[in-house]
Each structure stands twice: as structure tokens, then as C-alpha cells.
>>> print(open('final09.tsv').read())   # TSV, C-alpha atoms
chain	number	residue	atom	x	y	z
A	17	GLN	CA	36.16	21.75	-16.24
A	18	LEU	CA	34.45	22.98	-19.43
A	19	GLN	CA	35.51	25.73	-21.84
A	20	VAL	CA	32.75	27.48	-23.82
A	21	ASN	CA	33.47	30.52	-26.03
A	22	GLY	CA	36.70	31.14	-24.19
A	23	ASN	CA	35.02	30.97	-20.78
A	24	ILE	CA	36.02	28.25	-18.36
A	25	LYS	CA	33.29	26.76	-16.23
A	26	LYS	CA	33.61	24.14	-13.52
A	27	LEU	CA	30.95	21.55	-12.78
A	28	GLN	CA	31.25	19.36	-9.72
A	29	LEU	CA	29.91	15.84	-10.19
A	30	GLN	CA	29.10	13.46	-7.40
A	31	ALA	CA	28.31	9.79	-7.94
A	32	TYR	CA	27.22	6.94	-5.70
A	33	GLY	CA	27.44	3.23	-6.32
A	34	GLN	CA	26.45	-0.06	-4.77
A	35	ASP	CA	27.51	-3.62	-5.37
A	36	VAL	CA	24.30	-5.18	-6.71
A	37	ILE	CA	22.97	-8.26	-8.46
A	38	ILE	CA	21.56	-7.21	-11.83
A	39	PHE	CA	18.55	-8.84	-13.48
A	40	LYS	CA	17.62	-7.87	-17.04
A	41	ASN	CA	14.28	-9.24	-18.21
A	42	LYS	CA	14.89	-12.36	-16.14
A	43	THR	CA	12.42	-15.23	-15.75
A	44	ILE	CA	12.64	-17.41	-12.64
A	45	VAL	CA	11.71	-20.94	-13.76
A	46	ASN	CA	12.13	-22.83	-10.47
A	47	ASP	CA	11.18	-22.26	-6.84
A	48	THR	CA	13.75	-19.68	-5.77
A	49	LEU	CA	15.00	-17.86	-2.68
A	50	LEU	CA	16.45	-14.38	-3.12
A	51	THR	CA	18.89	-13.89	-0.26
A	52	ASN	CA	19.84	-10.56	1.29
A	53	THR	CA	23.56	-10.84	0.47
A	54	LYS	CA	23.37	-7.95	-2.00
A	55	PRO	CA	20.64	-5.63	-3.29
A	56	TYR	CA	18.97	-6.50	-6.60
A	57	LEU	CA	18.71	-4.10	-9.54
A	58	ILE	CA	15.98	-5.01	-12.02
A	59	PHE	CA	15.84	-3.75	-15.60
A	60	GLY	CA	12.65	-4.57	-17.47
A	61	SER	CA	10.63	-7.41	-15.93
A	62	LEU	CA	11.52	-9.92	-13.26
A	63	VAL	CA	9.05	-12.74	-13.96
A	64	VAL	CA	8.21	-15.68	-11.72
A	65	ASP	CA	7.09	-18.55	-13.93
A	66	THR	CA	3.72	-20.29	-13.70
A	67	MET	CA	3.09	-22.12	-10.41
A	68	LYS	CA	6.62	-21.39	-9.13
A	69	THR	CA	7.32	-19.68	-5.80
A	70	LEU	CA	9.63	-16.74	-5.24
A	71	GLU	CA	10.70	-16.31	-1.62
A	72	ILE	CA	12.51	-13.15	-0.57
A	73	GLU	CA	14.69	-13.12	2.53
A	74	ALA	CA	14.27	-10.52	5.26
A	75	SER	CA	16.41	-7.37	4.83
A	76	SER	CA	16.48	-7.72	1.03
A	77	THR	CA	16.20	-4.66	-1.22
A	78	LEU	CA	14.92	-4.75	-4.78
A	79	TYR	CA	15.63	-1.67	-6.91
A	80	PHE	CA	13.63	-1.30	-10.12
A	81	HIS	CA	14.78	0.80	-13.05
A	82	ASP	CA	12.34	2.99	-14.98
A	83	LYS	CA	9.31	0.90	-16.05
A	84	GLY	CA	10.71	-2.15	-14.28
A	85	LYS	CA	8.29	-4.53	-12.59
A	86	LEU	CA	7.91	-7.79	-10.73
A	87	LYS	CA	5.41	-10.11	-12.43
A	88	VAL	CA	4.45	-13.20	-10.47
A	89	LYS	CA	2.65	-16.02	-12.29
A	90	GLY	CA	3.11	-18.25	-9.25
A	91	ASN	CA	3.45	-17.42	-5.55
A	92	LEU	CA	5.26	-14.60	-3.78
A	93	LYS	CA	6.51	-15.00	-0.21
A	94	ALA	CA	8.16	-11.80	1.02
A	95	LYS	CA	8.48	-11.93	4.80
A	96	GLY	CA	10.67	-9.38	6.51
A	97	THR	CA	10.85	-8.34	10.15
A	98	LEU	CA	10.42	-5.06	12.00
A	99	LEU	CA	14.18	-4.45	12.03
A	100	GLN	CA	14.84	-6.13	8.68
A	101	PRO	CA	12.04	-5.16	6.31
A	102	ILE	CA	12.01	-6.07	2.62
A	103	VAL	CA	12.19	-3.00	0.37
A	104	PHE	CA	10.72	-2.62	-3.13
A	105	ARG	CA	11.50	0.76	-4.68
A	106	GLY	CA	12.81	2.64	-7.70
A	107	ASP	CA	16.53	2.82	-8.40
A	108	ARG	CA	16.81	6.55	-8.75
A	109	PHE	CA	18.70	8.44	-6.06
A	110	GLY	CA	19.63	12.08	-5.86
A	111	ILE	CA	17.61	15.28	-5.68
A	112	MET	CA	15.66	17.23	-8.28
A	113	PRO	CA	16.74	20.83	-8.98
A	114	GLU	CA	14.00	22.25	-6.75
A	115	GLY	CA	15.18	20.06	-3.88
A	116	THR	CA	12.76	17.12	-3.97
A	117	PRO	CA	14.44	13.72	-3.57
A	118	TYR	CA	13.62	11.37	-6.42
A	119	ASP	CA	12.84	8.74	-3.81
A	120	ASN	CA	9.83	10.83	-2.72
A	121	LEU	CA	8.29	10.87	-6.21
A	122	SER	CA	5.87	8.33	-7.60
A	123	ASN	CA	6.08	6.51	-10.94
A	124	GLN	CA	9.76	5.58	-10.59
A	125	TRP	CA	8.91	2.01	-11.67
A	126	THR	CA	5.79	-0.01	-12.53
A	127	GLY	CA	4.98	-2.18	-9.50
A	128	ILE	CA	4.12	-5.78	-8.57
A	129	GLU	CA	1.68	-7.78	-10.72
A	130	LEU	CA	0.18	-10.98	-9.28
A	131	THR	CA	-1.54	-12.95	-12.01
A	132	TRP	CA	-2.00	-16.61	-10.95
A	133	THR	CA	-5.62	-17.25	-9.97
A	134	LYS	CA	-4.67	-20.09	-7.60
A	135	ALA	CA	-1.86	-18.25	-5.83
A	136	GLU	CA	-1.37	-17.72	-2.12
A	137	HIS	CA	0.85	-14.67	-1.58
A	138	GLU	CA	2.29	-13.59	1.76
A	139	MET	CA	3.89	-10.21	2.44
A	140	GLU	CA	5.01	-9.17	5.90
A	141	TYR	CA	7.10	-6.19	6.98
A	142	ILE	CA	7.58	-4.82	3.49
A	143	LEU	CA	8.25	-1.24	2.39
A	144	LEU	CA	6.77	-0.78	-1.08
A	145	ARG	CA	7.01	2.67	-2.59
A	146	ASN	CA	7.31	5.23	-5.41
A	147	GLY	CA	5.96	3.31	-8.41
A	148	ASN	CA	2.90	3.39	-10.64
A	149	THR	CA	0.66	0.84	-8.87
A	150	GLY	CA	1.98	-0.92	-5.79
A	151	ILE	CA	0.24	-4.27	-6.12
A	152	SER	CA	-2.24	-5.41	-8.76
A	153	ILE	CA	-3.87	-8.80	-8.28
A	154	ALA	CA	-6.56	-10.38	-10.42
A	155	GLY	CA	-8.61	-13.57	-10.39
A	156	SER	CA	-11.94	-14.75	-11.71
A	157	GLU	CA	-15.38	-15.39	-10.26
A	158	THR	CA	-14.51	-19.07	-9.79
A	159	GLU	CA	-10.83	-18.77	-8.81
A	160	GLN	CA	-9.68	-16.01	-6.47
A	161	PRO	CA	-6.00	-15.67	-5.56
A	162	LYS	CA	-5.15	-14.94	-1.93
A	163	LEU	CA	-2.95	-12.09	-0.75
A	164	SER	CA	-2.02	-11.55	2.89
A	165	ILE	CA	-0.26	-8.31	3.88
A	166	SER	CA	0.75	-7.45	7.44
A	167	ASN	CA	2.91	-4.87	9.22
A	168	SER	CA	3.75	-3.16	5.95
A	169	ARG	CA	3.82	0.28	4.35
A	170	ILE	CA	2.73	0.94	0.76
A	171	TYR	CA	3.00	4.56	-0.33
A	172	ASP	CA	3.78	7.16	-3.01
A	173	PHE	CA	2.18	5.59	-6.09
A	174	ARG	CA	1.04	7.47	-9.17
A	175	LYS	CA	-2.11	5.36	-9.55
A	176	ASN	CA	-3.11	2.82	-6.91
A	177	GLY	CA	-1.61	1.36	-3.76
A	178	ILE	CA	-3.45	-1.95	-4.11
A	179	ALA	CA	-5.81	-2.81	-6.98
A	180	ALA	CA	-7.63	-6.13	-6.52
A	181	LYS	CA	-10.12	-7.71	-8.96
A	182	ASN	CA	-11.88	-10.90	-7.90
A	183	ALA	CA	-9.26	-11.63	-5.26
A	184	GLU	CA	-9.15	-12.47	-1.57
A	185	VAL	CA	-7.09	-9.84	0.21
A	186	THR	CA	-6.30	-9.61	3.92
A	187	ILE	CA	-4.52	-6.49	5.23
A	188	VAL	CA	-3.52	-6.18	8.88
A	189	ASN	CA	-1.48	-3.59	10.81
A	190	SER	CA	-0.47	-1.75	7.66
A	191	GLU	CA	-0.30	1.73	6.15
A	192	ILE	CA	-1.39	2.53	2.59
A	193	ALA	CA	-0.79	6.16	1.74
A	194	ASN	CA	-0.45	8.90	-0.86
A	195	CYS	CA	-1.65	7.56	-4.19
A	196	GLY	CA	-2.74	9.51	-7.25
A	197	ASN	CA	-5.92	7.44	-7.72
A	198	TYR	CA	-6.98	4.96	-5.05
A	199	CYS	CA	-5.01	3.71	-2.09
A	200	LEU	CA	-7.28	0.67	-2.09
A	201	TYR	CA	-9.35	-0.38	-5.12
A	202	LEU	CA	-11.49	-3.46	-4.47
A	203	LEU	CA	-13.47	-4.76	-7.44
A	204	GLY	CA	-15.35	-7.86	-6.39
A	205	GLY	CA	-13.81	-10.55	-4.22
A	206	THR	CA	-13.50	-11.13	-0.48
A	207	HIS	CA	-11.52	-8.79	1.74
A	208	HIS	CA	-10.56	-8.27	5.36
A	209	VAL	CA	-8.90	-5.00	6.40
A	210	ILE	CA	-8.00	-4.75	10.08
A	211	HIS	CA	-6.12	-2.09	12.07
A	212	THR	CA	-4.96	-0.43	8.86
A	213	THR	CA	-4.33	3.26	8.22
A	214	ILE	CA	-5.32	4.50	4.77
A	215	ALA	CA	-4.24	8.12	4.35
A	216	ASN	CA	-4.18	9.93	1.01
A	217	PHE	CA	-2.57	13.34	0.80
A	218	PHE	CA	-1.05	12.90	-2.66
A	219	LYS	CA	0.42	16.25	-3.80
A	220	GLU	CA	1.97	15.57	-7.21
A	221	SER	CA	-1.28	16.16	-9.11
A	222	SER	CA	-4.96	16.80	-8.52
A	223	ARG	CA	-6.87	13.80	-7.22
A	224	PHE	CA	-10.59	13.36	-7.83
A	225	THR	CA	-10.85	9.79	-6.58
A	226	PRO	CA	-11.44	8.58	-3.02
A	227	SER	CA	-8.85	6.75	-0.95
A	228	VAL	CA	-11.00	3.61	-0.94
A	229	LEU	CA	-13.38	2.34	-3.63
A	230	LEU	CA	-15.60	-0.74	-3.29
A	231	LYS	CA	-17.21	-1.78	-6.56
A	232	ASN	CA	-19.07	-4.80	-7.99
A	233	TYR	CA	-19.27	-4.12	-11.72
A	234	LEU	CA	-17.68	-2.68	-14.84
A	235	GLU	CA	-19.44	-1.84	-18.09
A	236	THR	CA	-18.40	-5.19	-19.57
A	237	ALA	CA	-18.60	-7.56	-16.60
A	238	THR	CA	-19.84	-8.12	-13.07
A	239	TYR	CA	-17.60	-8.60	-10.05
A	240	PRO	CA	-19.46	-10.01	-7.05
A	241	LEU	CA	-18.24	-8.38	-3.85
A	242	HIS	CA	-18.80	-11.25	-1.47
A	243	LYS	CA	-17.35	-9.49	1.56
A	244	ALA	CA	-15.36	-6.39	2.46
A	245	ASP	CA	-14.91	-6.11	6.21
A	246	PHE	CA	-13.09	-3.10	7.67
A	247	LYS	CA	-12.37	-3.27	11.39
A	248	ASN	CA	-10.56	-0.70	13.58
A	249	CYS	CA	-9.35	1.16	10.47
A	250	ILE	CA	-8.77	4.76	9.42
A	251	VAL	CA	-9.79	6.01	5.96
A	252	HIS	CA	-8.71	9.62	5.60
A	253	GLY	CA	-7.19	12.10	3.18
A	254	GLY	CA	-7.22	15.53	1.62
A	255	ASN	CA	-10.55	15.17	-0.21
A	256	SER	CA	-13.95	15.67	1.37
A	257	THR	CA	-15.02	12.14	0.38
A	258	GLU	CA	-12.49	9.34	0.88
A	259	LEU	CA	-14.82	6.33	0.66
A	260	ILE	CA	-17.07	5.43	-2.27
A	261	LEU	CA	-19.44	2.44	-2.34
A	262	ASP	CA	-20.22	1.86	-6.02
A	263	LYS	CA	-22.95	-0.75	-6.35
A	264	SER	CA	-24.44	-1.76	-9.68
A	265	THR	CA	-27.83	-0.16	-10.31
A	266	THR	CA	-28.61	-2.26	-13.39
A	267	ASP	CA	-28.33	-5.65	-11.66
A	268	THR	CA	-29.19	-5.53	-7.99
A	269	ASN	CA	-28.61	-9.28	-7.63
A	270	ILE	CA	-24.84	-8.91	-7.85
A	271	PRO	CA	-23.45	-9.42	-4.31
A	272	PHE	CA	-22.26	-6.21	-2.67
A	273	ASN	CA	-21.50	-7.03	0.94
A	274	TYR	CA	-19.46	-4.89	3.31
A	275	THR	CA	-19.18	-3.88	6.94
A	276	PHE	CA	-17.28	-1.14	8.76
A	277	LYS	CA	-16.76	-1.58	12.48
A	278	ASN	CA	-15.04	0.98	14.72
A	279	CYS	CA	-13.52	2.93	11.85
A	280	LEU	CA	-12.70	6.60	11.40
A	281	ILE	CA	-13.82	7.66	7.91
A	282	LYS	CA	-13.46	10.96	6.05
A	283	THR	CA	-16.74	11.31	4.16
A	284	VAL	CA	-20.27	12.59	4.53
A	285	GLN	CA	-22.00	10.69	7.32
A	286	LEU	CA	-23.87	7.62	6.11
A	287	THR	CA	-26.86	6.16	7.93
A	288	ASP	CA	-26.23	2.62	6.69
A	289	VAL	CA	-26.59	0.07	9.50
A	290	LEU	CA	-23.48	-1.68	8.16
A	291	PHE	CA	-21.41	1.13	9.69
A	292	GLU	CA	-21.02	0.34	13.38
A	293	SER	CA	-19.38	2.68	15.93
A	294	THR	CA	-18.08	4.89	13.12
A	295	ILE	CA	-16.36	8.23	13.60
A	296	TRP	CA	-17.21	10.51	10.68
A	297	SER	CA	-14.19	12.74	10.29
A	298	LYS	CA	-14.17	16.36	9.15
A	299	ASN	CA	-11.49	18.57	7.64
A	300	THR	CA	-10.65	20.08	11.01
A	301	ASP	CA	-9.86	16.78	12.70
A	302	SER	CA	-6.25	16.49	13.89
A	303	VAL	CA	-5.93	12.81	13.11
A	304	PHE	CA	-2.24	12.42	12.24
A	305	VAL	CA	1.06	13.88	13.39
A	306	SER	CA	1.77	15.40	9.94
A	307	ILE	CA	-0.16	15.44	6.64
A	308	LYS	CA	2.63	17.38	4.92
A	309	LYS	CA	6.17	16.36	4.02
A	310	PRO	CA	7.71	14.66	5.85
A	311	TYR	CA	4.47	12.71	6.27
A	312	ASN	CA	3.82	11.00	9.57
A	313	PHE	CA	0.60	9.01	9.86
A	314	MET	CA	1.06	8.09	13.47
A	315	LEU	CA	-1.73	9.47	15.64
A	316	TYR	CA	-1.72	13.05	16.88
A	317	LYS	CA	-2.00	13.39	20.64
A	318	ASN	CA	-5.63	14.62	20.38
A	319	SER	CA	-6.61	12.33	17.52
A	320	PRO	CA	-10.25	11.19	17.61
A	321	ALA	CA	-9.01	7.67	16.77
A	322	ILE	CA	-7.35	7.24	20.16
A	323	ASN	CA	-9.05	4.68	22.44
A	324	LYS	CA	-11.85	4.15	19.91
A	325	ALA	CA	-10.96	0.71	18.51
A	326	ASN	CA	-12.97	-2.37	19.37
A	327	ALA	CA	-11.05	-4.11	22.15
A	328	VAL	CA	-12.30	-7.59	21.29
A	329	ILE	CA	-10.96	-7.25	17.74
A	330	SER	CA	-7.69	-5.76	18.98
A	331	SER	CA	-7.12	-8.67	21.35
A	332	ALA	CA	-6.35	-10.81	18.30
A	333	TYR	CA	-3.82	-8.18	17.13
A	334	PRO	CA	-2.21	-7.10	20.41
A	335	THR	CA	0.71	-5.17	18.87
A	336	ASP	CA	0.75	-2.45	16.23
A	337	ILE	CA	2.89	-2.02	13.12
A	338	LEU	CA	5.82	-0.90	15.30
A	339	ASN	CA	5.34	-3.72	17.83
A	340	ASN	CA	3.83	-1.38	20.43
A	341	SER	CA	1.24	-2.96	22.71
A	342	ARG	CA	-2.39	-2.07	22.04
A	343	LEU	CA	-3.51	-3.57	25.33
A	344	SER	CA	-1.32	-1.73	27.84
A	345	ASP	CA	-3.57	1.33	28.30
A	346	SER	CA	-7.28	1.94	28.81
A	347	ALA	CA	-8.34	1.07	25.24
A	348	PRO	CA	-6.78	0.34	21.83
A	349	ASP	CA	-6.61	2.91	19.03
A	350	MET	CA	-7.91	2.78	15.48
A	351	GLY	CA	-5.49	2.31	12.61
A	352	ALA	CA	-2.05	0.76	12.29
A	353	TYR	CA	-0.38	2.86	15.00
A	354	GLU	CA	-1.06	2.83	18.71
A	355	TRP	CA	-0.56	6.28	20.23
A	356	ILE	CA	2.20	6.26	22.83
A	357	PRO	CA	2.16	9.22	25.24
A	358	GLU	CA	5.42	11.07	25.75
A	359	ASN	CA	7.15	10.39	29.03
>>> encode(input="final09.tsv", output="C-alpha cells")
Amino acid sequence: QLQVNGNIKKLQLQAYGQDVIIFKNKTIVNDTLLTNTKPYLIFGSLVVDTMKTLEIEASSTLYFHDKGKLKVKGNLKAKGTLLQPIVFRGDRFGIMPEGTPYDNLSNQWTGIELTWTKAEHEMEYILLRNGNTGISIAGSETEQPKLSISNSRIYDFRKNGIAAKNAEVTIVNSEIANCGNYCLYLLGGTHHVIHTTIANFFKESSRFTPSVLLKNYLETATYPLHKADFKNCIVHGGNSTELILDKSTTDTNIPFNYTFKNCLIKTVQLTDVLFESTIWSKNTDSVFVSIKKPYNFMLYKNSPAINKANAVISSAYPTDILNNSRLSDSAPDMGAYEWIPEN
């Protein structure tokens, strides 16, 4: 109750709380396991020291305060399960005055930085959302860190979902969605992207960048792109061009190697022979269940991606991100989600 100029006004306050483990600018100096006993609330930076390994138990949740981040100078092993995923997200709950939940907004925290050039990171069944850049990983021409991501969702980031420079990244059965710049930024390195849905319908600001960028140079350095293989993937979004291949024109000897096999891509049709069995999508394609809030990047019943994946490739990945079989009907589908007809 508040009295102003003789007038009494009432304001109802509602608060929520959780019992959490708090880290404030903490450095982990030994190999460590974070258990799922309680959620973690991180203020500032949670740093994993050089050559040390941080393992995160399934069903763990890490909340990051404004500008908080996870910086790994060693290895990161975050392996959840379908029913017990590992969550990385901002700590802000509640709803903005116009009705938008804070949890649906990007830039709530910084993201995950992977800096050790000899690292081998593993991430499985993670939910990574609402920060600035989801994962940034960097190596050198001679030492490229490895990052394996499977059965995971990375979405709602102000800048990039994954930004990799001179790294070796493998992404399988995953969704990367709704980023203000790139969902996937690959500058040099070696990459394998299989049965992954990349969908960019970011609405918080105008976006002039594609969902996926492959590049082998900057003004100050070269970044050999040794391989970027996309198989049975979807690259789609709200722009007319969602894939850019940016090869150096000043030094044509810099490696720039890529292939796309059985992918659905939103861009102007390319005649490059390195695109095999490609579906060139248009604005009118009904690819996903919903491209508006609440977003749903499972396949629409008439999606052109249905039954268009390469079956030989799918045989090595027989279940989708939700553990649905890809091999139980006439042919597998492109992307992370297998379409399941209604009974």
C-alpha cells in the first residue's frame, strides 16, 4: 500500500524463489562434476581452468545472470537425456508489460565460450537459449578443437547460435533457431552437420544475415575451410537467402570445400554440382508447423522435406531428436524431426 498526495494506491507484488547453488566469478581448477541436486545460478563468469574438464550431470540447470557466461579453457562434457536434458539459460523470469515472457527474449546472458585449441567437447540433449551467442569456439590452423553436439536445441540468441573459427564441429539431430545474426557461422575448419534443422525467424530486430554462413577468410587472416558437409538438413528462415558461401576472391588457393546432400535450402537455386538432391525452398513452402510464436519447427503435414532424406545416411541415425524412428515408414525425412502422421 502506497500513499501519494493523500491518495492511497495498492500494488500487488508476486515473487518466486528457488533453492540454488550460487557461483560468483568462480574458477574451477580441478576436473569437476556438477550434479543435478540443485540448479546453479551464475553471476559473472564461471571459468573452467586450462586443460581441466567440467562434466555436467543430466537434468542439471544452469541459470546465468545478466552478462554471465561459461568460459571453458579445458573440456566440457554436458550429456543429458531425452527426459532429463541439461538447460543453459538466463535467470530472468516473469513477463514484460506487453506480455512477452523474459524467457522468450534473447541477450539475457552472454553464452558459452570454448577457448582451448586441444579440447574435445561433448554436448548431448542440451537446451541452450536466450543469450547473446550460444556457443563460440576458436582454434588455429594447426590446432582445431572438437565439438560434438547431438539431440539438442539452441535458440533465441541476439547474435549467433554457434560461431566456430578453425574448429571441428559435428552437429547431429539438432535444432538451431531464431538468431539475430547467424544460426551457424563457420569460419574455416572441418564440419559435419547431419539431420539438423536450422530455422531463423528472429523477430526482435531486423536481420540482414543468412541463417548459415560458410567463409574462409577475414581481412586480416585466412581460415581454410577443409570440409563442411551438410546431409539431410534443413536451412530455412524468414529471409529470401538463408545460405551464403563466402569464398576469398583474393587468394583462390585457400581451401573452401563443402557439400550439401539431400537438404532443403531457402535461397536462390544454385547450379553447383556440390549440391546433390537439393530442394530449393520458396517463401510459400509450408515447411514447419509454426514459424510464429509459439514456434514449432517440427514438419508440417505437407512439408516438402517429408520422405526426402537419403536413406543410407539416415540408417546411421535411425531415430530423430525426439527418439522417433526414421526407418518405420516409406522413407526418412530431412531435418531433426521425423514427421509422425496423426492416428
>>> closest_residue(input="final09.tsv", among="A:Gly351, A:Gly204, A:Gly253, A:Gly110", to="A:Ser190", atoms="only C-alpha atoms")
A:Gly351
>>> residues_around(input="final09.tsv", residues="A:Pro271", least_positions_apart="5", cutoff="8 Å", atoms="all atoms listed in the file", output="NGL selection string")
:A and (232 or 240-242)
>>> atom_distance(input="final09.tsv", atom1="atom CA of A:His208", atom2="atom CA of A:Ile165")
10.4 Å
>>> residues_near_point(input="final09.tsv", point="(-27.3, -8.8, -4.6)", cutoff="12 Å", atoms="all atoms listed in the file", output="number ranges by chain")
A: 232-233, 238-243, 263-274
>>> residues_around(input="final09.tsv", residues="A:Ile187", least_positions_apart="4", cutoff="12 Å", atoms="all atoms listed in the file", output="VMD selection string")
chain A and resid 137 to 141 162 to 170 178 191 to 192 200 206 to 214 244 to 249 337 351 to 352
>>> residues_around(input="final09.tsv", residues="A:Ala193", least_positions_apart="3", cutoff="10 Å", atoms="all atoms listed in the file", output="list in words")
Arg145, Arg169, Ile170, Tyr171, Asp172, Phe173, Asn176, Gly177, Ser190, Gly196, Tyr198, Cys199, Leu200, Thr213, Ile214, Ala215, Asn216, Phe217, Phe218, Ser227, Val251, His252, Gly253, Tyr311 and Phe313 of chain A
>>> closest_residue(input="final09.tsv", among="A:Leu143, A:Ile128, A:Leu315, A:Ile151", to="A:Val103", atoms="only C-alpha atoms")
A:Leu143
>>> residues_around(input="final09.tsv", residues="stretch 63-75 of chain A", least_positions_apart="3", cutoff="8 Å", atoms="only C-alpha atoms", output="PyMOL selection string")
chain A and resi 41-52+86-97+100-103+132+135
>>> write_last_selection(input="final09.tsv", atoms="C-alpha atoms", output="mmCIF file, in the frame of the given file")
data_model
loop_
_atom_site.group_PDB
_atom_site.id
_atom_site.type_symbol
_atom_site.label_atom_id
_atom_site.label_comp_id
_atom_site.auth_asym_id
_atom_site.auth_seq_id
_atom_site.Cartn_x
_atom_site.Cartn_y
_atom_site.Cartn_z
ATOM 1 C CA ASN A 41 14.280 -9.240 -18.210
ATOM 2 C CA LYS A 42 14.890 -12.360 -16.140
ATOM 3 C CA THR A 43 12.420 -15.230 -15.750
ATOM 4 C CA ILE A 44 12.640 -17.410 -12.640
ATOM 5 C CA VAL A 45 11.710 -20.940 -13.760
ATOM 6 C CA ASN A 46 12.130 -22.830 -10.470
ATOM 7 C CA ASP A 47 11.180 -22.260 -6.840
ATOM 8 C CA THR A 48 13.750 -19.680 -5.770
ATOM 9 C CA LEU A 49 15.000 -17.860 -2.680
ATOM 10 C CA LEU A 50 16.450 -14.380 -3.120
ATOM 11 C CA THR A 51 18.890 -13.890 -0.260
ATOM 12 C CA ASN A 52 19.840 -10.560 1.290
ATOM 13 C CA LEU A 86 7.910 -7.790 -10.730
ATOM 14 C CA LYS A 87 5.410 -10.110 -12.430
ATOM 15 C CA VAL A 88 4.450 -13.200 -10.470
ATOM 16 C CA LYS A 89 2.650 -16.020 -12.290
ATOM 17 C CA GLY A 90 3.110 -18.250 -9.250
ATOM 18 C CA ASN A 91 3.450 -17.420 -5.550
ATOM 19 C CA LEU A 92 5.260 -14.600 -3.780
ATOM 20 C CA LYS A 93 6.510 -15.000 -0.210
ATOM 21 C CA ALA A 94 8.160 -11.800 1.020
ATOM 22 C CA LYS A 95 8.480 -11.930 4.800
ATOM 23 C CA GLY A 96 10.670 -9.380 6.510
ATOM 24 C CA THR A 97 10.850 -8.340 10.150
ATOM 25 C CA GLN A 100 14.840 -6.130 8.680
ATOM 26 C CA PRO A 101 12.040 -5.160 6.310
ATOM 27 C CA ILE A 102 12.010 -6.070 2.620
ATOM 28 C CA VAL A 103 12.190 -3.000 0.370
ATOM 29 C CA TRP A 132 -2.000 -16.610 -10.950
ATOM 30 C CA ALA A 135 -1.860 -18.250 -5.830
#
>>> atom_distance(input="final09.tsv", atom1="atom CA of A:Thr131", atom2="atom CA of A:Asn182")
11.3 Å
>>> residues_around(input="final09.tsv", residues="stretch 341-346 of chain A", least_positions_apart="5", cutoff="8 Å", atoms="all atoms listed in the file", output="list of chain:residue names")
A:Asn323, A:Ser330, A:Ser331, A:Tyr333, A:Pro334, A:Thr335, A:Asp336, A:Glu354
>>> closest_residue(input="final09.tsv", among="A:Asn318, A:Ser302, A:Leu98, A:Asn326", to="A:Phe276", atoms="all atoms listed in the file")
A:Asn326
>>> build_atoms(input="final09.tsv", residues="stretch 215-226 of chain A", atoms="N, CA, C and O atoms", output="mmCIF file, in the coordinates of the input")
data_model
loop_
_atom_site.group_PDB
_atom_site.id
_atom_site.type_symbol
_atom_site.label_atom_id
_atom_site.label_comp_id
_atom_site.auth_asym_id
_atom_site.auth_seq_id
_atom_site.Cartn_x
_atom_site.Cartn_y
_atom_site.Cartn_z
ATOM 1 N N ALA A 215 -4.347 6.655 4.277
ATOM 2 C CA ALA A 215 -4.240 8.120 4.350
ATOM 3 C C ALA A 215 -3.742 8.640 3.009
ATOM 4 O O ALA A 215 -2.646 8.292 2.585
ATOM 5 N N ASN A 216 -4.536 9.486 2.357
ATOM 6 C CA ASN A 216 -4.180 9.930 1.010
ATOM 7 C C ASN A 216 -4.085 11.445 0.947
ATOM 8 O O ASN A 216 -5.098 12.148 0.877
ATOM 9 N N PHE A 217 -2.853 11.918 0.946
ATOM 10 C CA PHE A 217 -2.570 13.340 0.800
ATOM 11 C C PHE A 217 -1.606 13.544 -0.359
ATOM 12 O O PHE A 217 -0.641 14.292 -0.268
ATOM 13 N N PHE A 218 -1.881 12.855 -1.453
ATOM 14 C CA PHE A 218 -1.050 12.900 -2.660
ATOM 15 C C PHE A 218 -0.981 14.324 -3.188
ATOM 16 O O PHE A 218 -2.005 14.985 -3.374
ATOM 17 N N LYS A 219 0.240 14.834 -3.450
ATOM 18 C CA LYS A 219 0.420 16.250 -3.800
ATOM 19 C C LYS A 219 0.975 16.459 -5.210
ATOM 20 O O LYS A 219 1.079 17.599 -5.657
ATOM 21 N N GLU A 220 1.326 15.378 -5.918
ATOM 22 C CA GLU A 220 1.970 15.570 -7.210
ATOM 23 C C GLU A 220 1.011 16.011 -8.308
ATOM 24 O O GLU A 220 1.420 16.589 -9.316
ATOM 25 N N SER A 221 -0.265 15.742 -8.146
ATOM 26 C CA SER A 221 -1.280 16.160 -9.110
ATOM 27 C C SER A 221 -2.626 16.199 -8.409
ATOM 28 O O SER A 221 -2.764 15.740 -7.274
ATOM 29 N N SER A 222 -3.618 16.752 -9.091
ATOM 30 C CA SER A 222 -4.960 16.800 -8.520
ATOM 31 C C SER A 222 -5.541 15.392 -8.454
ATOM 32 O O SER A 222 -5.332 14.573 -9.351
ATOM 33 N N ARG A 223 -6.262 15.119 -7.399
ATOM 34 C CA ARG A 223 -6.870 13.800 -7.220
ATOM 35 C C ARG A 223 -8.368 13.967 -7.047
ATOM 36 O O ARG A 223 -8.839 14.683 -6.170
ATOM 37 N N PHE A 224 -9.139 13.272 -7.885
ATOM 38 C CA PHE A 224 -10.590 13.360 -7.830
ATOM 39 C C PHE A 224 -11.217 12.035 -7.410
ATOM 40 O O PHE A 224 -12.434 11.880 -7.466
ATOM 41 N N THR A 225 -10.390 11.108 -7.001
ATOM 42 C CA THR A 225 -10.850 9.790 -6.580
ATOM 43 C C THR A 225 -10.735 9.660 -5.069
ATOM 44 O O THR A 225 -9.916 10.324 -4.435
ATOM 45 N N PRO A 226 -11.544 8.777 -4.466
ATOM 46 C CA PRO A 226 -11.440 8.580 -3.020
ATOM 47 C C PRO A 226 -10.240 7.695 -2.667
ATOM 48 O O PRO A 226 -9.648 7.047 -3.528
#
